[in-house]
Structure formats: C-alpha cells, structure tokens
Amino acid sequence: MASTMEKIVSLCKRRGFIFQSSEIYGGLKASYDYGPLGVELKKNIKETWWSDMVHCRNDIVGLDCSIVMHPDVWKASGHLAGFSDPLVDCKNCKERFRADQAPRTEAGTEVEFREGGKSSGSKLKGVVDKRGYVCPVCGCPDLSAERQFNLMFRTSIGPVDPLQEIADAAGELADLDMKGRMKKLHEIVARSAVYLRPETAQGMFVNFKNILDSSRVKPPFGIAQVGKSYRNEITTSNLTFRTCEFEQMEMEYFVKPGEDEQWYDYWRNTRLSWYVKLGLSQDKLRLRDHKQSELAHYAKACADIEYYFPFENQDGEGEWGELEGIANRTDYDLKKHSGFTGKDLSYFDPETKERYIPYVIEPAAGADRAALAFLCDAFDEEIVPTAKGGEEVRTVLRFHPKIAPVKVAVFPLVKRDGMPEKSQAIMDDLLSTGINCFYDHGGAIGRRYRRQDEAGTPYCLTVDSQTIEDDTVTIRDRDTMQQERIPMNGVVEIMKKRIGN
Ligand code: GAP
C-alpha cells in the first residue's frame, strides 16, 4: 500500500501542485516546478507572511536584494570559509554523503555489508572506525577521509572566462606541486567569482545603513525579505523539503543590546502561533531549542519551529523537520560588515545620546518547506457513502481558506437551460473582485466536487434549475460537505466573509 508521502507526491502531480523540474528531459535532482495550484499555494503563504510581518505592523519594512552580491559579503559573513558540509565517499558502493547525517554506529562494532552495495554482492565484514558511522546506503565502514564542501554555488561575472585564464596559465600551473596548483587555480577563479546567495539575510545587513538613513526607523525595527536562495546541497530528499534552489522568508529585527533576550522570546512565540493560525495541527508542531554544540558561529541562541512530516524513517514513523529557525545573531553580522568595509553600522539614539551596534533577532522561514507542511497537514482521506449505497475514499486537502489555491469553484448542474449563463455571471462577479475562482462544467457533479476536494477548494457553488426560478445557488462546504442555498446576488459578500478577504 502506498505511504502517505507517496499519496501526497502523486496528488501533487495529478492536480498540478508540484512537478519534477525538466521532467521531459529525465528531471534534475532535487529541482521542482510549482504547477497552477502549487504556485497559488506558495504565493498565498508568502503574501500572508508579508502581510503579517510588514503590512500589519509599523516596525518592519521590506527589501528586495540582488541574488548575486559583492563576493566580499560572503567573506565577511563567514560563508566563504565556513558554510560547508563534511563530505565522505564510501569505498564500497561509491555513495557520496554527509558525514554528519550518516547512521551512527559505535566505534569498534563489527558490521556486515554487501560487496558493491548490491543485494547480489557477497557478504563482507568490517569494523567501524573511531568516527563512529557507516555508509547510509550499504552500511560499509570503509570510508574516505572527510573533506569540507562549500555549499555556495559559484559563478563568474563580467566578460572574463576563467577557463580561458586557466588555459593561459597552463605552463605556470604545470611547474607547481598540487598545493601550489590549487592555490593558483583559486586565485584565477577568485578574480571573477561571485556567488548565488545562500540566504537572503545578508542583504538586510549590508543595507542596514541605507534603510536607517532613508526610512525614519529606529530600534526596535525589522527588515523583511522574501526571495530565492541557493545551496549546493549534497543530500536532498522528500520532495521540496531540501532542494538546491528554494525561497526564504526572512526578517532581521534590530534591537538595543540588553533587550535581545526579550525580543528573542517574543519572536519564538509569535512565529509559532503564525503556523497555528494558518491551520497547521498544533500537535504536529514544536519549538526545539538548539543545544550549545548545535549553535551556528554567529548565534547566542536559536530555536527551530519543527513540523512532524509524514516522511517514513527506517521504523516507518514520521520525522520532525525544520520549518523555520529563530536566532539571536547578536551584533555579529553588523560588526563583521563594518570591519570589512570600514563603514559605521552603529545606531545613535538621539533621545538617550547612546551609540550602539544593534543586536539582531532573526526569524528565518522557508516558503517551500512551509508549503510542503501545509500540503501534508491538509491531506486527508475519509470513507464516504456513494450515491449507489456503497462506500468510497474521499481525498481532500483541508487548507485554511487563506492559503487555499482556489477559493471557490462554480458549476452549472447541466450545460443547458440557462445554467451556464448564470454560472458565468457569478464567475464574472467573483473575478472582478480578485477572488480566485474556477469554472467547471465537465462530468457528473459528484466527480466535480471530488476534483475540488483534491485541490483543497473550500467552497463550490452550483447553479441548478431552482437558480433559474429564484436566483439562488447551493454552496457546498468542502470539509462538512453540507450544502445550503444562498442568494446569487450575495455570493461575493458571502465568499469574502468566509474566506476572510
Ligand atoms: N539566515 C538564516 C538561515 O538561512 P537556515 O536555517 O539555514 O537559516 C532558514 O534557513 C530556512 O530556510 C529553513 O528553516 C528552511 O525552512 C529553509 N531552507 C534552508 N535550506 C533549505 C533547502 N536546502 N531547501 C529548502 N528549504 C531550505
């Protein structure tokens, strides 16, 4: 029987939420495209985030930065030197994996594995070394040394081709030993190297002074940004959970040192409630504080908002996965950028005559992970009676109306007797208000309801013979499947009220 995750993946493709990228070319590892319903879902999540973080408050302003920034930004932030994962090769099956995610096995344990990692390979034995892990694919303990792999995507800018420069330096390179050759190659590449940003956050730090000077803000205040980030992830898995290209919704909140801990608590709680407000099951959400050993080099404290995804682990259970991190980044980033550029990134408080470098509290969320969590949480199957007296499985996405891709579907019961015309009039009213609606006249009415259940559409309006007589229509609720009659001329107002527009 298909697992819940397999059913969700299949529904995503069938209904047009998520497709594999470049599918007709065989796909690209961990790259996905959002179809007509998926793009609406993700857009609704991003717009709700923006509205709640920027429009509904007067202490946060927005920003939209370049994806490619000055390369020194990444030197100052520590990403060039330190944003890497420990990479290991299995000498048996040749799998390349992250050492920190490999299955832990106590050093000195004798383990069995198959030659070449193939089920037909002969059984071999080996002893786990002091690193205490084995290959995640074949279980072999015979592994290469760990080497650091930087996660930033590098490209080059300007009319310089680093390959041509390397070719031109071929003679000089040939005379060098391996260490010298690598150093020279790095020098050549670095002349035109730029990076795709691995987080949106640095854009807020390097624009801190611009915003301070132009926007009449004073701490505590925040800068918010939604945009793409890129990481050359070694292990990718579970649909859009970990991909190389993804969208972040980040906010840097600048506060007076000493007030940072109270704001850290405030943002932990505020951000957790945001997911609950939008309908994520409370019992599948948790706040997990990072242990001291887990903290990033810039963080004084950090907590992850995690969701219990239906990814099956080895025991067939779900897995907690991070949706958002809330970090107390202290004054680390502003100090670093100030040090590298020589620019003063302090704030002078004209009332208290104090000058200080603000501390930063950062709620950093992923739009793709949020969309995946909302999809998983909304997915439901229930047994319902059929018209013929039997039973069938109803698959339904129980999205909160605010994030549902389509808010209302309009159906003429039959394609005649004036019903299509009345339906079109309702569609025109809804379209003129910007409520995302969908018209469907194909197939039996029951089948049309089921299609909208799978799309997560909260309401369906049906025009029938009574509509022709008294200008009323039925409105069907996705979750209860109850129907009631409402006046046709009240549809827009009723819909606005129910979907919270
Ligand atoms: N500025 C801090 C920062 O970037 P992060 O925990 O690395 O922190 C924040 O990323 C959020 O971005 C994560 O909680 C997750 O939702 C999302 N994210 C990070 N890497 C991702 C990836 N490879 N694929 C999808 N989403 C990712």
# chains A, B, ... in the order shown; residues from 1 in each chain; ligands from 1
call {"tool": "closest_atom_pairs", "arguments": {"of": "region 223-312 of chain A", "to": "region 46-54 of chain A", "cutoff": "10 Å", "atoms": "only C-alpha atoms", "output": "tab-separated table"}}
result
residue	atom	partner	partner_atom	distance
A:Ile223	CA	A:Val54	CA	8.6
A:Ala224	CA	A:Val54	CA	7.2
A:Gln225	CA	A:Trp50	CA	8.4
A:Val226	CA	A:Lys46	CA	7.4
A:Gly227	CA	A:Lys46	CA	9.6
A:Glu247	CA	A:Lys46	CA	9.4
A:Gln248	CA	A:Lys46	CA	9.2
A:Met249	CA	A:Lys46	CA	7.3
A:Glu250	CA	A:Trp49	CA	9.7
A:Met251	CA	A:Met53	CA	8.2
A:Arg271	CA	A:Met53	CA	9.8
A:Trp274	CA	A:Trp49	CA	8.6
A:Leu278	CA	A:Thr48	CA	9.2
call {"tool": "write_last_selection", "arguments": {"atoms": "all heavy atoms", "output": "short mmCIF file (atom, residue, chain, number, x, y, z; two decimals), in the first residue's frame"}}
result
data_model
loop_
_atom_site.label_atom_id
_atom_site.label_comp_id
_atom_site.auth_asym_id
_atom_site.auth_seq_id
_atom_site.Cartn_x
_atom_site.Cartn_y
_atom_site.Cartn_z
N ILE A 223 13.76 44.43 9.13
CA ILE A 223 13.79 44.48 7.67
C ILE A 223 13.44 43.07 7.18
O ILE A 223 14.05 42.09 7.61
CB ILE A 223 15.17 44.88 7.11
CG1 ILE A 223 15.69 46.16 7.81
CG2 ILE A 223 15.11 45.09 5.60
CD1 ILE A 223 17.09 46.58 7.38
N ALA A 224 12.43 43.01 6.30
CA ALA A 224 11.93 41.70 5.84
C ALA A 224 12.21 41.52 4.37
O ALA A 224 12.20 42.49 3.60
CB ALA A 224 10.43 41.63 6.09
N GLN A 225 12.44 40.29 3.98
CA GLN A 225 12.67 39.99 2.56
C GLN A 225 12.17 38.58 2.25
O GLN A 225 12.34 37.65 3.05
CB GLN A 225 14.17 40.09 2.26
CG GLN A 225 14.51 39.70 0.84
CD GLN A 225 15.91 40.11 0.38
OE1 GLN A 225 16.10 40.33 -0.79
NE2 GLN A 225 16.87 40.21 1.27
N VAL A 226 11.59 38.45 1.06
CA VAL A 226 11.20 37.13 0.56
C VAL A 226 11.93 36.93 -0.76
O VAL A 226 11.89 37.81 -1.62
CB VAL A 226 9.68 37.06 0.31
CG1 VAL A 226 9.30 35.73 -0.35
CG2 VAL A 226 8.91 37.23 1.60
N GLY A 227 12.63 35.83 -0.90
CA GLY A 227 13.32 35.64 -2.17
C GLY A 227 14.06 34.32 -2.24
O GLY A 227 14.15 33.57 -1.26
N GLU A 247 12.99 29.16 -1.66
CA GLU A 247 12.63 30.53 -1.30
C GLU A 247 12.59 30.70 0.21
O GLU A 247 12.04 29.85 0.91
CB GLU A 247 11.27 30.89 -1.90
CG GLU A 247 11.43 31.82 -3.09
CD GLU A 247 10.12 32.18 -3.70
OE1 GLU A 247 9.37 31.29 -4.09
OE2 GLU A 247 9.83 33.37 -3.78
N GLN A 248 13.17 31.80 0.66
CA GLN A 248 13.16 32.08 2.10
C GLN A 248 12.27 33.28 2.40
O GLN A 248 12.06 34.15 1.53
CB GLN A 248 14.57 32.38 2.57
CG GLN A 248 15.48 31.15 2.55
CD GLN A 248 16.82 31.42 3.20
OE1 GLN A 248 17.52 32.34 2.81
NE2 GLN A 248 17.18 30.62 4.19
N MET A 249 11.77 33.33 3.61
CA MET A 249 11.01 34.48 4.11
C MET A 249 11.74 34.85 5.41
O MET A 249 11.56 34.17 6.42
CB MET A 249 9.56 34.10 4.40
CG MET A 249 8.89 33.36 3.23
SD MET A 249 7.15 32.97 3.49
CE MET A 249 7.23 31.65 4.71
N GLU A 250 12.61 35.86 5.31
CA GLU A 250 13.46 36.16 6.46
C GLU A 250 13.22 37.58 6.94
O GLU A 250 12.92 38.48 6.14
CB GLU A 250 14.94 36.01 6.10
CG GLU A 250 15.32 34.58 5.75
CD GLU A 250 16.84 34.37 5.81
OE1 GLU A 250 17.54 34.88 4.92
OE2 GLU A 250 17.29 33.69 6.74
N MET A 251 13.42 37.77 8.24
CA MET A 251 13.27 39.11 8.81
C MET A 251 14.38 39.30 9.84
O MET A 251 14.62 38.43 10.68
CB MET A 251 11.89 39.24 9.45
CG MET A 251 11.49 40.65 9.77
SD MET A 251 12.10 41.20 11.35
CE MET A 251 11.14 40.24 12.48
N ARG A 271 6.11 33.60 15.98
CA ARG A 271 6.24 32.81 14.75
C ARG A 271 5.57 31.44 14.88
O ARG A 271 4.97 30.95 13.94
CB ARG A 271 7.73 32.66 14.37
CG ARG A 271 8.38 33.95 13.91
CD ARG A 271 7.66 34.59 12.74
NE ARG A 271 7.52 33.63 11.66
CZ ARG A 271 6.54 33.61 10.80
NH1 ARG A 271 5.54 34.48 10.89
NH2 ARG A 271 6.50 32.71 9.84
N TRP A 274 1.93 31.78 14.30
CA TRP A 274 1.57 32.07 12.90
C TRP A 274 1.15 30.79 12.17
O TRP A 274 0.16 30.76 11.46
CB TRP A 274 2.77 32.73 12.21
CG TRP A 274 2.50 33.23 10.83
CD1 TRP A 274 1.86 34.38 10.49
CD2 TRP A 274 2.88 32.60 9.60
NE1 TRP A 274 1.83 34.51 9.11
CE2 TRP A 274 2.45 33.43 8.53
CE3 TRP A 274 3.55 31.42 9.27
CZ2 TRP A 274 2.66 33.13 7.20
CZ3 TRP A 274 3.76 31.12 7.93
CH2 TRP A 274 3.32 31.96 6.91
N LEU A 278 -2.68 29.63 10.78
CA LEU A 278 -2.98 29.26 9.39
C LEU A 278 -3.38 27.79 9.25
O LEU A 278 -3.41 27.25 8.14
CB LEU A 278 -1.78 29.56 8.49
CG LEU A 278 -1.61 31.02 8.13
CD1 LEU A 278 -0.41 31.22 7.24
CD2 LEU A 278 -2.85 31.56 7.41
#
call {"tool": "residues_around", "arguments": {"residues": "Asp85 (chain A)", "least_positions_apart": "3", "cutoff": "9 Å", "atoms": "only C-alpha atoms", "output": "list in words"}}
result
Gly82, Arg98, Ala99, Asp100, Arg147, Gln148, Phe149, Asn150, Leu151, Glu233 and Ile234 of chain A
call {"tool": "write_last_selection", "arguments": {"atoms": "C-alpha atoms", "output": "PDB file, in the first residue's frame"}}
result
ATOM      1  CA  GLY A  82      32.714  28.117   6.922  1.00  0.00           C
ATOM      2  CA  ARG A  98      27.274  13.974   4.509  1.00  0.00           C
ATOM      3  CA  ALA A  99      29.236  12.637   7.475  1.00  0.00           C
ATOM      4  CA  ASP A 100      27.017  14.448   9.973  1.00  0.00           C
ATOM      5  CA  ARG A 147      36.608  16.881   3.335  1.00  0.00           C
ATOM      6  CA  GLN A 148      34.772  20.184   3.589  1.00  0.00           C
ATOM      7  CA  PHE A 149      32.459  21.004   0.689  1.00  0.00           C
ATOM      8  CA  ASN A 150      31.276  24.608   0.373  1.00  0.00           C
ATOM      9  CA  LEU A 151      27.537  24.825  -0.251  1.00  0.00           C
ATOM     10  CA  GLU A 233      23.014  20.528  -1.018  1.00  0.00           C
ATOM     11  CA  ILE A 234      24.680  17.117  -1.005  1.00  0.00           C
TER      12      ILE A 234
END
call {"tool": "select_by_dssp", "arguments": {"residues": "region 5-170 of chain A", "states": "alpha helix (DSSP H)", "output": "number ranges by chain"}}
result
A: 5-15, 36-50, 71-77, 79-82, 162-168, 170
call {"tool": "residues_near_ligand", "arguments": {"ligand": "ligand 1", "cutoff": "8 Å", "atoms": "only C-alpha atoms and all ligand atoms", "output": "PyMOL selection string"}}
result
chain A and resi 198-202+230-233+236+240-250+304-305+322-325+327+362-370
call {"tool": "residues_around", "arguments": {"residues": "Asp429 (chain A)", "least_positions_apart": "6", "cutoff": "10 Å", "atoms": "only C-alpha atoms", "output": "PyMOL selection string"}}
result
chain A and resi 435+489+491-492
call {"tool": "select_by_dssp", "arguments": {"residues": "region 392-464 of chain A", "states": "strand (DSSP E)", "output": "ChimeraX atom specification"}}
result
/A:392-397,408-412,437-439,459-463
call {"tool": "residues_around", "arguments": {"residues": "Gly443 (chain A)", "least_positions_apart": "3", "cutoff": "10 Å", "atoms": "only C-alpha atoms", "output": "ChimeraX atom specification"}}
result
/A:413-414,440,446-448
call {"tool": "write_last_selection", "arguments": {"atoms": "N, CA and C atoms", "output": "mmCIF file, in the first residue's frame"}}
result
data_model
loop_
_atom_site.group_PDB
_atom_site.id
_atom_site.type_symbol
_atom_site.label_atom_id
_atom_site.label_comp_id
_atom_site.auth_asym_id
_atom_site.auth_seq_id
_atom_site.Cartn_x
_atom_site.Cartn_y
_atom_site.Cartn_z
ATOM 1 N N LEU A 413 -25.174 22.841 -13.120
ATOM 2 C CA LEU A 413 -25.507 21.420 -12.938
ATOM 3 C C LEU A 413 -25.507 20.700 -14.278
ATOM 4 N N VAL A 414 -26.111 21.356 -15.303
ATOM 5 C CA VAL A 414 -26.063 20.811 -16.666
ATOM 6 C C VAL A 414 -25.688 21.939 -17.638
ATOM 7 N N ASP A 440 -16.156 24.889 -13.849
ATOM 8 C CA ASP A 440 -16.045 23.514 -14.353
ATOM 9 C C ASP A 440 -17.434 23.009 -14.734
ATOM 10 N N GLY A 446 -20.888 15.022 -8.807
ATOM 11 C CA GLY A 446 -20.129 14.387 -7.714
ATOM 12 C C GLY A 446 -18.639 14.359 -8.041
ATOM 13 N N ARG A 447 -18.345 14.052 -9.301
ATOM 14 C CA ARG A 447 -16.934 13.987 -9.701
ATOM 15 C C ARG A 447 -16.288 15.376 -9.662
ATOM 16 N N ARG A 448 -17.104 16.382 -10.000
ATOM 17 C CA ARG A 448 -16.559 17.753 -9.968
ATOM 18 C C ARG A 448 -16.255 18.166 -8.522
#
